[in-house]
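protein_20.txt (compact mmCIF, C-alpha atoms) appears below.
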# COMPACT_ATOMS: atom_id res chain seq x y z
CA MET G 20 110.06 90.29 82.09
CA SER G 21 109.07 93.01 79.62
CA VAL G 22 106.29 95.25 80.94
CA ALA G 23 106.93 98.24 78.68
CA HIS G 24 105.34 99.05 75.34
CA LYS G 25 107.92 98.95 72.55
CA LEU G 26 108.08 102.45 71.05
CA SER G 27 109.70 101.24 67.84
CA GLU G 28 107.13 98.53 67.04
CA LYS G 29 104.39 100.91 65.89
CA ALA G 30 103.49 104.57 65.55
CA ARG G 31 102.62 106.37 68.79
CA THR G 32 100.46 109.43 69.39
CA ASN G 33 102.00 112.67 70.65
CA ASP G 34 100.51 112.39 74.15
CA VAL G 35 103.09 109.75 75.10
CA LEU G 36 106.10 111.17 73.26
CA ILE G 37 108.56 113.80 74.47
CA SER G 38 110.34 116.39 72.36
CA GLU G 39 113.38 116.48 74.64
CA THR G 40 116.35 114.31 73.70
CA VAL G 41 116.60 112.64 77.09
CA ASP G 42 116.62 109.02 78.19
CA PHE G 43 116.15 107.49 81.66
CA ALA G 44 119.89 107.90 82.37
CA GLY G 45 119.31 111.65 82.07
CA LEU G 46 117.05 111.45 85.13
CA LEU G 47 120.11 110.54 87.25
CA LEU G 48 118.75 107.18 88.34
CA SER G 49 120.83 104.48 90.00
CA GLU G 50 122.55 101.84 87.88
CA ALA G 51 120.33 99.11 89.33
CA VAL G 52 117.10 100.92 88.41
CA LEU G 53 118.42 101.85 84.96
CA HIS G 54 119.32 98.20 84.39
CA GLY G 55 115.83 97.16 85.53
CA LEU G 56 114.17 99.66 83.19
CA LYS G 57 116.23 98.32 80.29
CA ASN G 58 115.39 94.71 81.17
CA ALA G 59 111.70 95.63 81.32
CA GLY G 60 111.81 97.17 77.84
CA PHE G 61 111.59 100.86 78.74
CA GLU G 62 113.40 103.00 76.16
CA ARG G 63 112.58 106.66 76.80
CA PRO G 64 110.48 108.38 79.47
CA SER G 65 106.93 109.45 78.66
CA PRO G 66 105.91 113.08 79.42
CA ILE G 67 104.54 112.20 82.87
CA GLN G 68 107.63 110.14 83.72
CA LEU G 69 109.92 112.97 82.63
CA LYS G 70 108.09 115.50 84.81
CA ALA G 71 107.18 113.44 87.87
CA ILE G 72 110.14 111.14 88.53
CA PRO G 73 112.71 113.92 89.27
CA LEU G 74 110.27 115.74 91.58
CA GLY G 75 109.35 112.52 93.35
CA ARG G 76 113.01 111.69 93.88
CA CYS G 77 113.43 115.07 95.58
CA GLY G 78 111.03 113.87 98.26
CA LEU G 79 108.09 116.08 97.32
CA ASP G 80 104.49 115.02 97.92
CA LEU G 81 102.92 114.71 94.45
CA ILE G 82 99.40 114.67 93.03
CA VAL G 83 99.84 113.20 89.55
CA GLN G 84 97.20 113.20 86.84
CA ALA G 85 97.89 111.81 83.38
CA LYS G 86 95.98 109.85 80.79
CA SER G 87 95.39 106.11 81.12
CA GLY G 88 98.24 104.07 79.69
CA THR G 89 100.91 106.79 79.73
CA GLY G 90 103.20 105.28 82.36
CA LYS G 91 102.08 106.36 85.84
CA THR G 92 102.87 102.97 87.44
CA CYS G 93 106.45 103.31 86.26
CA VAL G 94 106.60 106.75 87.91
CA PHE G 95 105.92 105.60 91.46
CA SER G 96 107.71 102.27 90.98
CA VAL G 97 110.96 104.05 90.09
CA ILE G 98 110.57 106.51 92.98
CA ALA G 99 109.89 103.61 95.36
CA LEU G 100 112.87 101.57 94.17
CA GLU G 101 115.20 104.55 94.48
CA SER G 102 114.05 105.17 98.06
CA VAL G 103 114.44 101.60 99.38
CA GLU G 104 117.42 100.45 101.42
CA VAL G 105 117.53 96.74 100.68
CA ALA G 106 120.08 96.12 103.44
CA ALA G 107 117.34 96.86 105.98
CA THR G 108 114.65 94.28 106.74
CA SER G 109 111.83 96.74 107.44
CA THR G 110 108.87 97.68 105.24
CA GLN G 111 109.69 101.09 103.77
CA VAL G 112 107.09 101.59 101.03
CA LEU G 113 103.32 101.05 101.16
CA VAL G 114 101.29 101.10 97.93
CA LEU G 115 97.48 100.97 98.03
CA ALA G 116 95.29 100.01 95.06
CA PRO G 117 91.48 99.82 94.88
CA THR G 118 91.32 96.30 93.38
CA ARG G 119 93.24 93.08 93.76
CA GLU G 120 93.92 92.98 90.03
CA ILE G 121 95.62 96.39 90.05
CA ALA G 122 97.68 95.43 93.12
CA ILE G 123 98.97 92.31 91.37
CA GLN G 124 99.81 94.28 88.23
CA ILE G 125 101.73 96.90 90.26
CA TRP G 126 103.69 94.07 91.89
CA GLU G 127 104.59 92.71 88.45
CA VAL G 128 105.90 96.13 87.37
CA VAL G 129 107.90 96.73 90.56
CA LYS G 130 109.44 93.24 90.40
CA SER G 131 110.34 93.77 86.76
CA LEU G 132 111.92 97.20 87.35
CA GLY G 133 113.70 95.86 90.42
CA SER G 134 115.15 92.86 88.60
CA ALA G 135 118.72 94.15 89.12
CA MET G 136 118.17 94.41 92.89
CA PRO G 137 118.41 90.74 93.96
CA SER G 138 117.95 91.52 97.67
CA LEU G 139 114.69 93.41 97.08
CA ARG G 140 111.58 91.88 98.65
CA CYS G 141 108.25 93.09 97.28
CA HIS G 142 104.95 91.36 98.04
CA THR G 143 101.22 91.74 97.46
CA PHE G 144 98.60 91.63 100.21
CA ILE G 145 95.05 91.18 98.97
CA GLY G 146 91.79 89.65 100.10
CA GLY G 147 90.69 86.20 99.02
CA LEU G 148 94.03 84.57 99.85
CA PRO G 149 95.20 82.94 103.13
CA LEU G 150 96.18 85.41 105.85
CA HIS G 151 98.93 83.14 107.20
CA GLU G 152 100.79 83.42 103.88
CA ASP G 153 100.77 87.22 104.21
CA LYS G 154 102.21 87.01 107.72
CA LYS G 155 105.06 84.87 106.40
CA LYS G 156 105.79 87.34 103.55
CA LEU G 157 105.96 90.24 106.02
CA GLN G 158 108.93 88.72 107.81
CA LEU G 159 111.01 90.37 105.08
CA CYS G 160 109.23 92.91 102.87
CA HIS G 161 110.66 96.21 101.64
CA ILE G 162 107.69 97.21 99.46
CA ALA G 163 104.14 96.20 100.43
CA ILE G 164 101.43 96.48 97.79
CA GLY G 165 97.83 95.77 98.67
CA THR G 166 94.16 96.60 98.92
CA PRO G 167 92.91 98.70 101.85
CA GLY G 168 90.95 95.99 103.67
CA ARG G 169 93.78 93.45 103.82
CA ILE G 170 96.41 96.10 104.64
CA GLN G 171 94.31 97.40 107.55
CA ASN G 172 93.85 93.84 108.85
CA LEU G 173 97.60 93.22 108.79
CA ILE G 174 98.41 96.49 110.56
CA GLU G 175 95.74 95.84 113.20
CA ALA G 176 97.14 92.34 113.79
CA GLY G 177 100.61 93.78 114.33
CA CYS G 178 102.02 91.88 111.34
CA LEU G 179 102.68 94.92 109.13
CA LYS G 180 104.90 97.35 111.04
CA THR G 181 104.46 100.89 109.78
CA ASP G 182 107.09 102.80 111.76
CA SER G 183 109.71 102.50 108.97
CA ILE G 184 107.43 103.45 106.06
CA ARG G 185 108.87 106.48 104.32
CA LEU G 186 106.79 106.43 101.11
CA PHE G 187 103.01 106.04 100.88
CA VAL G 188 101.47 105.65 97.40
CA MET G 189 97.77 105.79 96.49
CA ASP G 190 97.22 104.48 92.97
CA GLU G 191 93.84 105.33 91.40
CA ALA G 192 93.62 107.86 94.22
CA ASP G 193 90.22 109.26 93.31
CA LYS G 194 88.73 105.76 93.62
CA LEU G 195 90.44 105.17 96.96
CA LEU G 196 88.93 108.39 98.30
CA GLU G 197 85.36 107.37 97.48
CA GLU G 198 83.04 106.76 100.40
CA SER G 199 83.38 102.97 100.24
CA PHE G 200 87.11 103.20 101.05
CA GLN G 201 87.23 106.42 103.10
CA GLU G 202 87.16 104.90 106.58
CA GLN G 203 89.87 102.35 105.75
CA ILE G 204 92.10 104.96 104.09
CA ASN G 205 91.79 107.30 107.09
CA TRP G 206 92.63 104.46 109.48
CA ILE G 207 95.68 103.35 107.47
CA PHE G 208 96.90 106.93 107.07
CA SER G 209 96.63 107.55 110.82
CA SER G 210 98.83 104.51 111.47
CA LEU G 211 101.69 105.80 109.30
CA PRO G 212 104.60 107.99 110.47
CA ASP G 213 104.16 111.75 110.18
CA ASN G 214 107.46 112.09 108.36
CA LYS G 215 106.80 110.36 105.06
CA GLN G 216 106.47 111.16 101.39
CA MET G 217 103.11 110.65 99.69
CA LEU G 218 102.21 110.15 96.04
CA ALA G 219 98.65 110.09 94.67
CA LEU G 220 98.07 109.13 91.04
CA SER G 221 95.11 108.73 88.69
CA ALA G 222 93.92 109.49 85.19
CA THR G 223 90.87 111.35 86.50
CA TYR G 224 90.43 113.77 89.37
CA PRO G 225 87.09 115.39 90.06
CA GLU G 226 88.11 118.85 91.28
CA TYR G 227 86.80 118.34 94.81
CA MET G 228 88.85 115.14 95.03
CA ALA G 229 92.11 116.86 94.17
CA GLN G 230 91.49 119.34 96.97
CA HIS G 231 90.53 116.51 99.32
CA LEU G 232 93.94 114.90 98.77
CA THR G 233 95.74 117.96 100.08
CA VAL G 234 94.41 117.12 103.57
CA TYR G 235 96.75 114.10 103.63
CA MET G 236 99.78 115.88 102.18
CA ARG G 237 102.36 118.54 102.98
CA ASN G 238 102.35 121.31 100.37
CA PRO G 239 101.76 118.87 97.49
CA THR G 240 102.99 119.60 94.00
CA PHE G 241 100.34 119.11 91.30
CA ILE G 242 101.53 117.50 88.07
CA ARG G 243 98.52 117.38 85.78
CA LEU G 244 98.89 116.72 82.07
CA ASN G 245 96.11 116.98 79.46
CA ILE G 246 93.47 117.89 82.06
CA THR G 247 91.31 119.60 79.39
CA ASP G 248 91.51 116.57 77.06
CA PRO G 249 91.87 113.39 79.14
CA THR G 250 91.01 110.98 76.29
CA LEU G 251 93.86 109.11 74.62
CA LEU G 252 94.45 110.51 71.12
CA GLY G 253 94.65 107.08 69.51
CA ILE G 254 91.12 105.98 70.50
CA LYS G 255 88.16 106.28 68.13
CA GLN G 256 84.72 106.28 69.77
CA TYR G 257 81.46 105.05 68.24
CA TYR G 258 78.00 104.20 69.48
CA THR G 259 75.17 102.03 68.25
CA GLY G 260 71.52 102.38 69.17
CA VAL G 261 69.52 99.61 70.85
CA ALA G 262 65.74 99.70 70.90
CA SER G 263 64.14 100.41 74.26
CA HIS G 264 61.75 97.88 75.81
CA PRO G 265 59.85 97.75 79.13
CA LEU G 266 61.11 94.20 79.79
CA PRO G 267 64.79 94.09 80.88
CA HIS G 268 65.44 90.69 79.32
CA LYS G 269 64.34 92.04 75.93
CA VAL G 270 66.83 94.90 76.24
CA PHE G 271 69.52 92.38 77.16
CA GLU G 272 68.68 90.29 74.10
CA ALA G 273 68.96 93.35 71.87
CA LYS G 274 72.29 94.33 73.41
CA THR G 275 73.60 90.78 73.02
CA ALA G 276 72.66 90.81 69.33
CA ALA G 277 74.46 94.15 68.91
CA VAL G 278 77.59 92.78 70.63
CA VAL G 279 77.60 89.67 68.41
CA ASP G 280 77.26 91.89 65.36
CA LEU G 281 80.22 94.04 66.49
CA LEU G 282 82.43 91.05 67.23
CA SER G 283 81.57 89.58 63.82
CA SER G 284 82.16 92.75 61.81
CA VAL G 285 85.04 94.56 63.57
CA SER G 286 88.61 93.29 63.30
CA PHE G 287 90.26 93.08 66.73
CA HIS G 288 92.99 91.27 68.67
CA GLN G 289 91.36 91.22 72.09
CA CYS G 290 88.13 92.76 73.34
CA LEU G 291 86.97 93.95 76.76
CA ILE G 292 83.20 94.19 77.35
CA PHE G 293 82.03 96.14 80.41
CA SER G 294 78.76 95.53 82.21
CA ASN G 295 77.36 97.44 85.19
CA MET G 296 76.04 94.24 86.77
CA GLN G 297 77.76 90.96 87.66
CA THR G 298 74.77 88.81 86.71
CA ARG G 299 74.52 90.49 83.31
CA ALA G 300 78.24 89.93 82.70
CA GLN G 301 77.90 86.23 83.51
CA ASN G 302 74.75 85.88 81.39
CA LEU G 303 76.51 87.53 78.46
CA GLU G 304 79.42 85.11 78.84
CA ASN G 305 77.00 82.19 78.51
CA GLU G 306 75.22 83.77 75.54
CA LEU G 307 78.39 84.54 73.59
CA THR G 308 79.90 81.13 74.29
CA SER G 309 76.72 79.43 73.05
CA ARG G 310 76.95 81.48 69.85
CA GLY G 311 80.51 80.41 69.12
CA TRP G 312 82.43 83.19 70.86
CA PRO G 313 84.44 81.56 73.68
CA THR G 314 84.71 84.18 76.41
CA THR G 315 85.98 84.62 79.95
CA CYS G 316 84.16 86.54 82.68
CA ILE G 317 85.66 88.33 85.67
CA ALA G 318 83.63 89.79 88.52
CA GLY G 319 83.94 90.44 92.24
CA SER G 320 81.70 87.47 93.06
CA LEU G 321 84.27 85.02 91.69
CA GLY G 322 86.89 83.40 93.88
CA GLN G 323 90.35 84.98 93.88
CA LYS G 324 91.98 82.08 92.05
CA ASP G 325 89.35 82.37 89.28
CA ARG G 326 89.99 86.12 89.04
CA ILE G 327 93.74 85.55 88.77
CA THR G 328 93.17 82.90 86.08
CA ALA G 329 90.92 85.22 84.05
CA MET G 330 93.53 88.01 84.10
CA ALA G 331 96.31 85.57 83.20
CA LYS G 332 94.29 84.41 80.18
CA LEU G 333 93.88 88.01 79.03
CA LYS G 334 97.55 88.90 79.40
CA THR G 335 98.87 85.71 77.82
CA TYR G 336 96.49 86.05 74.84
CA LYS G 337 94.56 82.88 75.73
CA CYS G 338 91.32 84.84 75.84
CA ARG G 339 90.02 87.01 73.00
CA VAL G 340 86.94 88.34 74.77
CA LEU G 341 86.83 89.24 78.46
CA ILE G 342 83.54 90.36 79.98
CA SER G 343 83.95 92.36 83.15
CA THR G 344 82.33 94.58 85.70
CA ASP G 345 84.22 97.77 86.56
CA LEU G 346 86.66 95.55 88.42
CA THR G 347 89.03 95.93 85.44
CA SER G 348 87.99 99.39 84.24
CA ARG G 349 91.02 100.97 85.91
CA GLY G 350 94.73 100.34 85.80
CA ILE G 351 94.76 97.06 83.90
CA ASP G 352 97.29 96.97 81.07
CA ALA G 353 96.77 94.34 78.38
CA ASP G 354 98.66 95.46 75.31
CA ARG G 355 96.59 93.56 72.71
CA VAL G 356 93.20 94.93 73.77
CA ASN G 357 92.12 97.13 70.88
CA LEU G 358 88.33 96.94 71.18
CA VAL G 359 86.28 98.04 74.21
CA ILE G 360 82.48 97.65 74.29
CA ASN G 361 80.29 99.28 76.91
CA LEU G 362 77.32 96.94 77.28
CA ASP G 363 75.86 99.47 79.71
CA VAL G 364 76.46 103.19 80.04
CA PRO G 365 78.71 103.67 83.09
CA LYS G 366 77.56 105.68 86.09
CA ASP G 367 79.89 108.65 85.47
CA HIS G 368 82.20 110.06 82.83
CA GLU G 369 85.33 109.24 84.85
CA THR G 370 84.46 105.53 84.70
CA TYR G 371 83.83 105.85 80.96
CA LEU G 372 87.28 107.39 80.42
CA HIS G 373 88.92 104.62 82.44
CA ARG G 374 87.03 101.90 80.56
CA ILE G 375 87.95 103.08 77.08
CA GLY G 376 91.51 103.68 78.31
CA ARG G 377 92.02 99.91 78.41
CA ALA G 378 92.64 100.24 74.66
CA GLY G 379 95.07 102.64 73.00
CA ARG G 380 97.70 101.93 75.65
CA PHE G 381 100.83 104.07 75.48
CA GLY G 382 99.82 105.99 72.39
CA GLU G 383 98.73 103.07 70.25
CA THR G 384 96.13 103.88 67.59
CA VAL G 385 93.06 101.64 67.64
Structure re-expressed in structure tokens:
Amino acid sequence: MSVAHKLSEKARTNDVLISETVDFAGLLLSEAVLHGLKNAGFERPSPIQLKAIPLGRCGLDLIVQAKSGTGKTCVFSVIALESVEVAATSTQVLVLAPTREIAIQIWEVVKSLGSAMPSLRCHTFIGGLPLHEDKKKLQLCHIAIGTPGRIQNLIEAGCLKTDSIRLFVMDEADKLLEESFQEQINWIFSSLPDNKQMLALSATYPEYMAQHLTVYMRNPTFIRLNITDPTLLGIKQYYTGVASHPLPHKVFEAKTAAVVDLLSSVSFHQCLIFSNMQTRAQNLENELTSRGWPTTCIAGSLGQKDRITAMAKLKTYKCRVLISTDLTSRGIDADRVNLVINLDVPKDHETYLHRIGRAGRFGETV
């Protein structure tokens, strides 16, 4: 399965290109991983892959910051695959993600890059799905990928044995260290062996958060690219004004009209619309559908099967417009999304950067 962005298909911006004449073979990777990278469509390493993969393979604890869509998932996936001994039956790598959707996407990347390792067993463990299925998967699992709540449950139940874990990865680390996850993260961390490698990755790191991460790590190496300009170079940003009104439903009507106008006047392949509220996202779905714009909505209130279906529609191009809460503002890679609309102003600038980073993936100009 191809999970890479084809460099030769279109022009790419400089923030995902390297000047060095080096390919993945130059990073001294195993034949199996090189074969998996080729099968997945990866041609040359991006700047963050070139810098972080060799250091990660040396066993260093890393704090990695790079722009959205520049290949961070590939970084820790390659490091994980190179560290696994598939002859063993124990769980050796634990990857945490803040949402179920990101966990599933990580699993897709790891499975794709590990395609030349037939004995590899990699599974996802997320809420909303039967616990007994997870227990069955853990009978043989080299790489466990999941959300904090479900992973804690499985460790507490004695199903997920942590004594053999040698690599611990926190994807979207700044999100995982927010107050809502802090207790779970601390509990999981305390259950892991002292002698392990740790990787923390995100596109955004508030400065206090980067320092916070060092509490969990041993002399971490910081790899931070483009920290003064975290916006992807290929993204153009615009705004449109909507008249204020004391009645919320009038503001919603005005915003809906503005969205319809944008969808009617801007050429796009696929569009993501972000709302701060689940009810508003679902109401907008109904409004747009009634006006001739078939849309799909994804929100935390939906059942897990519905959430999986919505993401599948986006990634298989069966959905042109996806309305979402911040459930999909991070980590999600849909290569045909080239229009992002913020129905509401997000709560902080980090969320804004993640939202708009759903377009312009891997240096594409939109």
Please identify all polymer residues within 9 Å of Leu346 (chain G), counting all atoms listed in the file, omitting same-chain residues fewer than 4 positions from it, and present them as a CSV table (one decimal) with C-alpha atoms, keeping the file's coordinate frame.
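To be explicit, this is the file written out as result10.csv:
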chain,number,residue,atom,x,y,z
G,118,THR,CA,91.3,96.3,93.4
G,119,ARG,CA,93.2,93.1,93.8
G,120,GLU,CA,93.9,93.0,90.0
G,317,ILE,CA,85.7,88.3,85.7
G,318,ALA,CA,83.6,89.8,88.5
G,319,GLY,CA,83.9,90.4,92.2
Problem - Selected residue, from G:Leu244, G:Met330, G:Ala300, G:Ala222, that lies nearest to Gly88 (chain G) when counting all atoms listed in the file - result: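 When distances to Gly88 (chain G) are compared using all atoms listed in the file, the smallest one comes from G:Ala222.
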Practice task
Would you mind telling me which residue in G:Ser286, G:Thr344, G:Thr335, G:Asn58 lies nearest to Ala135 (chain G) when using all atoms listed in the file?
Solution key: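 Of the candidates, the smallest distance to Ala135 (chain G) is held by G:Asn58.
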Practice task
Figure out the distance between CA of Leu115 (chain G) and CA of Phe144 (chain G), please, to one decimal in Å.
Solution key: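 Going from CA of Phe144 (chain G) over to CA of Leu115 (chain G), I get 9.7 Å.
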Problem - Selection near region 38-48 of chain G, 8 Å with all atoms listed in the file, sequence-local residues under 4 positions removed, as a list in words - result: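 Contacts, in chain order: Val52, Leu53, Glu62, Arg63, Pro64, Leu69, Ile72, Pro73 and Glu101 of chain G.
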May I have the protein, DNA and RNA residues with an atom at most 9 Å from (91.2, 96.1, 103.2), counting only C-alpha atoms in the file's coordinates, returned as a PDB file with C-alpha atoms, in the frame of the given file?
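Output (point-v9.pdb):
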ATOM      1  CA  ILE G 145      95.050  91.180  98.970  1.00  0.00           C
ATOM      2  CA  GLY G 146      91.790  89.650 100.100  1.00  0.00           C
ATOM      3  CA  GLY G 165      97.830  95.770  98.670  1.00  0.00           C
ATOM      4  CA  THR G 166      94.160  96.600  98.920  1.00  0.00           C
ATOM      5  CA  PRO G 167      92.910  98.700 101.850  1.00  0.00           C
ATOM      6  CA  GLY G 168      90.950  95.990 103.670  1.00  0.00           C
ATOM      7  CA  ARG G 169      93.780  93.450 103.820  1.00  0.00           C
ATOM      8  CA  ILE G 170      96.410  96.100 104.640  1.00  0.00           C
ATOM      9  CA  GLN G 171      94.310  97.400 107.550  1.00  0.00           C
ATOM     10  CA  ASN G 172      93.850  93.840 108.850  1.00  0.00           C
ATOM     11  CA  LEU G 173      97.600  93.220 108.790  1.00  0.00           C
ATOM     12  CA  PHE G 200      87.110 103.200 101.050  1.00  0.00           C
ATOM     13  CA  GLN G 203      89.870 102.350 105.750  1.00  0.00           C
ATOM     14  CA  ILE G 204      92.100 104.960 104.090  1.00  0.00           C
TER      15      ILE G 204
END
Problem - Among listed residues G:Lys269, G:Arg349, G:Lys332, G:Lys180, nearest Leu113 (chain G) (using only C-alpha atoms) - result: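 Ranked by minimum distance to Leu113 (chain G), first place goes to G:Lys180.
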Problem - Between CA of Leu196 (chain G) and CA of Ser348 (chain G), distance in Å (one decimal) - result: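 So the answer is 16.7 Å.
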Problem - Length of the CA of Asp213 (chain G) to CA of Tyr235 (chain G) vector [Å] - result: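 Atom-to-atom, CA of Asp213 (chain G) and CA of Tyr235 (chain G) are spaced 10.2 Å apart.
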Can you put N, CA, C and O atoms back into region 143-163 of chain G and show it as an mmCIF file, in the coordinates of the input?
data_model
loop_
_atom_site.group_PDB
_atom_site.id
_atom_site.type_symbol
_atom_site.label_atom_id
_atom_site.label_comp_id
_atom_site.auth_asym_id
_atom_site.auth_seq_id
_atom_site.Cartn_x
_atom_site.Cartn_y
_atom_site.Cartn_z
ATOM 1 N N THR G 143 102.596 91.257 97.506
ATOM 2 C CA THR G 143 101.220 91.740 97.460
ATOM 3 C C THR G 143 100.432 91.189 98.641
ATOM 4 O O THR G 143 100.676 90.068 99.096
ATOM 5 N N PHE G 144 99.458 92.011 99.085
ATOM 6 C CA PHE G 144 98.600 91.630 100.210
ATOM 7 C C PHE G 144 97.161 91.987 99.853
ATOM 8 O O PHE G 144 96.773 93.152 99.898
ATOM 9 N N ILE G 145 96.403 90.958 99.467
ATOM 10 C CA ILE G 145 95.050 91.180 98.970
ATOM 11 C C ILE G 145 94.081 90.190 99.603
ATOM 12 O O ILE G 145 94.490 89.137 100.088
ATOM 13 N N GLY G 146 92.815 90.543 99.584
ATOM 14 C CA GLY G 146 91.790 89.650 100.100
ATOM 15 C C GLY G 146 91.638 88.416 99.236
ATOM 16 O O GLY G 146 92.137 88.351 98.113
ATOM 17 N N GLY G 147 90.959 87.411 99.785
ATOM 18 C CA GLY G 147 90.690 86.200 99.020
ATOM 19 C C GLY G 147 91.786 85.168 99.068
ATOM 20 O O GLY G 147 91.654 84.075 98.520
ATOM 21 N N LEU G 148 92.915 85.504 99.718
ATOM 22 C CA LEU G 148 94.030 84.570 99.850
ATOM 23 C C LEU G 148 94.340 84.369 101.336
ATOM 24 O O LEU G 148 94.019 85.222 102.162
ATOM 25 N N PRO G 149 94.974 83.258 101.708
ATOM 26 C CA PRO G 149 95.200 82.940 103.130
ATOM 27 C C PRO G 149 95.995 84.010 103.867
ATOM 28 O O PRO G 149 97.041 84.470 103.376
ATOM 29 N N LEU G 150 95.529 84.383 105.043
ATOM 30 C CA LEU G 150 96.180 85.410 105.850
ATOM 31 C C LEU G 150 97.537 84.930 106.367
ATOM 32 O O LEU G 150 98.478 85.730 106.478
ATOM 33 N N HIS G 151 97.659 83.639 106.649
ATOM 34 C CA HIS G 151 98.930 83.140 107.200
ATOM 35 C C HIS G 151 100.066 83.272 106.194
ATOM 36 O O HIS G 151 101.243 83.436 106.588
ATOM 37 N N GLU G 152 99.753 83.237 104.897
ATOM 38 C CA GLU G 152 100.790 83.420 103.880
ATOM 39 C C GLU G 152 101.304 84.864 103.904
ATOM 40 O O GLU G 152 102.495 85.116 103.714
ATOM 41 N N ASP G 153 100.376 85.813 104.131
ATOM 42 C CA ASP G 153 100.770 87.220 104.210
ATOM 43 C C ASP G 153 101.698 87.456 105.401
ATOM 44 O O ASP G 153 102.684 88.197 105.306
ATOM 45 N N LYS G 154 101.381 86.847 106.529
ATOM 46 C CA LYS G 154 102.210 87.010 107.720
ATOM 47 C C LYS G 154 103.627 86.506 107.480
ATOM 48 O O LYS G 154 104.607 87.104 107.935
ATOM 49 N N LYS G 155 103.745 85.422 106.722
ATOM 50 C CA LYS G 155 105.060 84.870 106.400
ATOM 51 C C LYS G 155 105.831 85.835 105.486
ATOM 52 O O LYS G 155 107.032 86.078 105.681
ATOM 53 N N LYS G 156 105.137 86.414 104.487
ATOM 54 C CA LYS G 156 105.790 87.340 103.550
ATOM 55 C C LYS G 156 106.286 88.596 104.266
ATOM 56 O O LYS G 156 107.284 89.199 103.867
ATOM 57 N N LEU G 157 105.592 89.005 105.322
ATOM 58 C CA LEU G 157 105.960 90.240 106.020
ATOM 59 C C LEU G 157 107.178 90.093 106.906
ATOM 60 O O LEU G 157 107.664 91.085 107.464
ATOM 61 N N GLN G 158 107.693 88.892 107.042
ATOM 62 C CA GLN G 158 108.930 88.720 107.810
ATOM 63 C C GLN G 158 110.094 89.435 107.131
ATOM 64 O O GLN G 158 111.049 89.850 107.797
ATOM 65 N N LEU G 159 110.027 89.575 105.821
ATOM 66 C CA LEU G 159 111.010 90.370 105.080
ATOM 67 C C LEU G 159 110.300 90.962 103.863
ATOM 68 O O LEU G 159 110.064 90.266 102.873
ATOM 69 N N CYS G 160 109.958 92.232 103.949
ATOM 70 C CA CYS G 160 109.230 92.910 102.870
ATOM 71 C C CYS G 160 109.617 94.375 102.844
ATOM 72 O O CYS G 160 109.340 95.112 103.789
ATOM 73 N N HIS G 161 110.281 94.803 101.780
ATOM 74 C CA HIS G 161 110.660 96.210 101.640
ATOM 75 C C HIS G 161 109.508 97.055 101.085
ATOM 76 O O HIS G 161 109.305 98.186 101.502
ATOM 77 N N ILE G 162 108.786 96.483 100.100
ATOM 78 C CA ILE G 162 107.690 97.210 99.460
ATOM 79 C C ILE G 162 106.427 96.362 99.578
ATOM 80 O O ILE G 162 106.369 95.234 99.074
ATOM 81 N N ALA G 163 105.418 96.889 100.256
ATOM 82 C CA ALA G 163 104.140 96.200 100.430
ATOM 83 C C ALA G 163 103.099 96.838 99.523
ATOM 84 O O ALA G 163 102.913 98.055 99.546
#
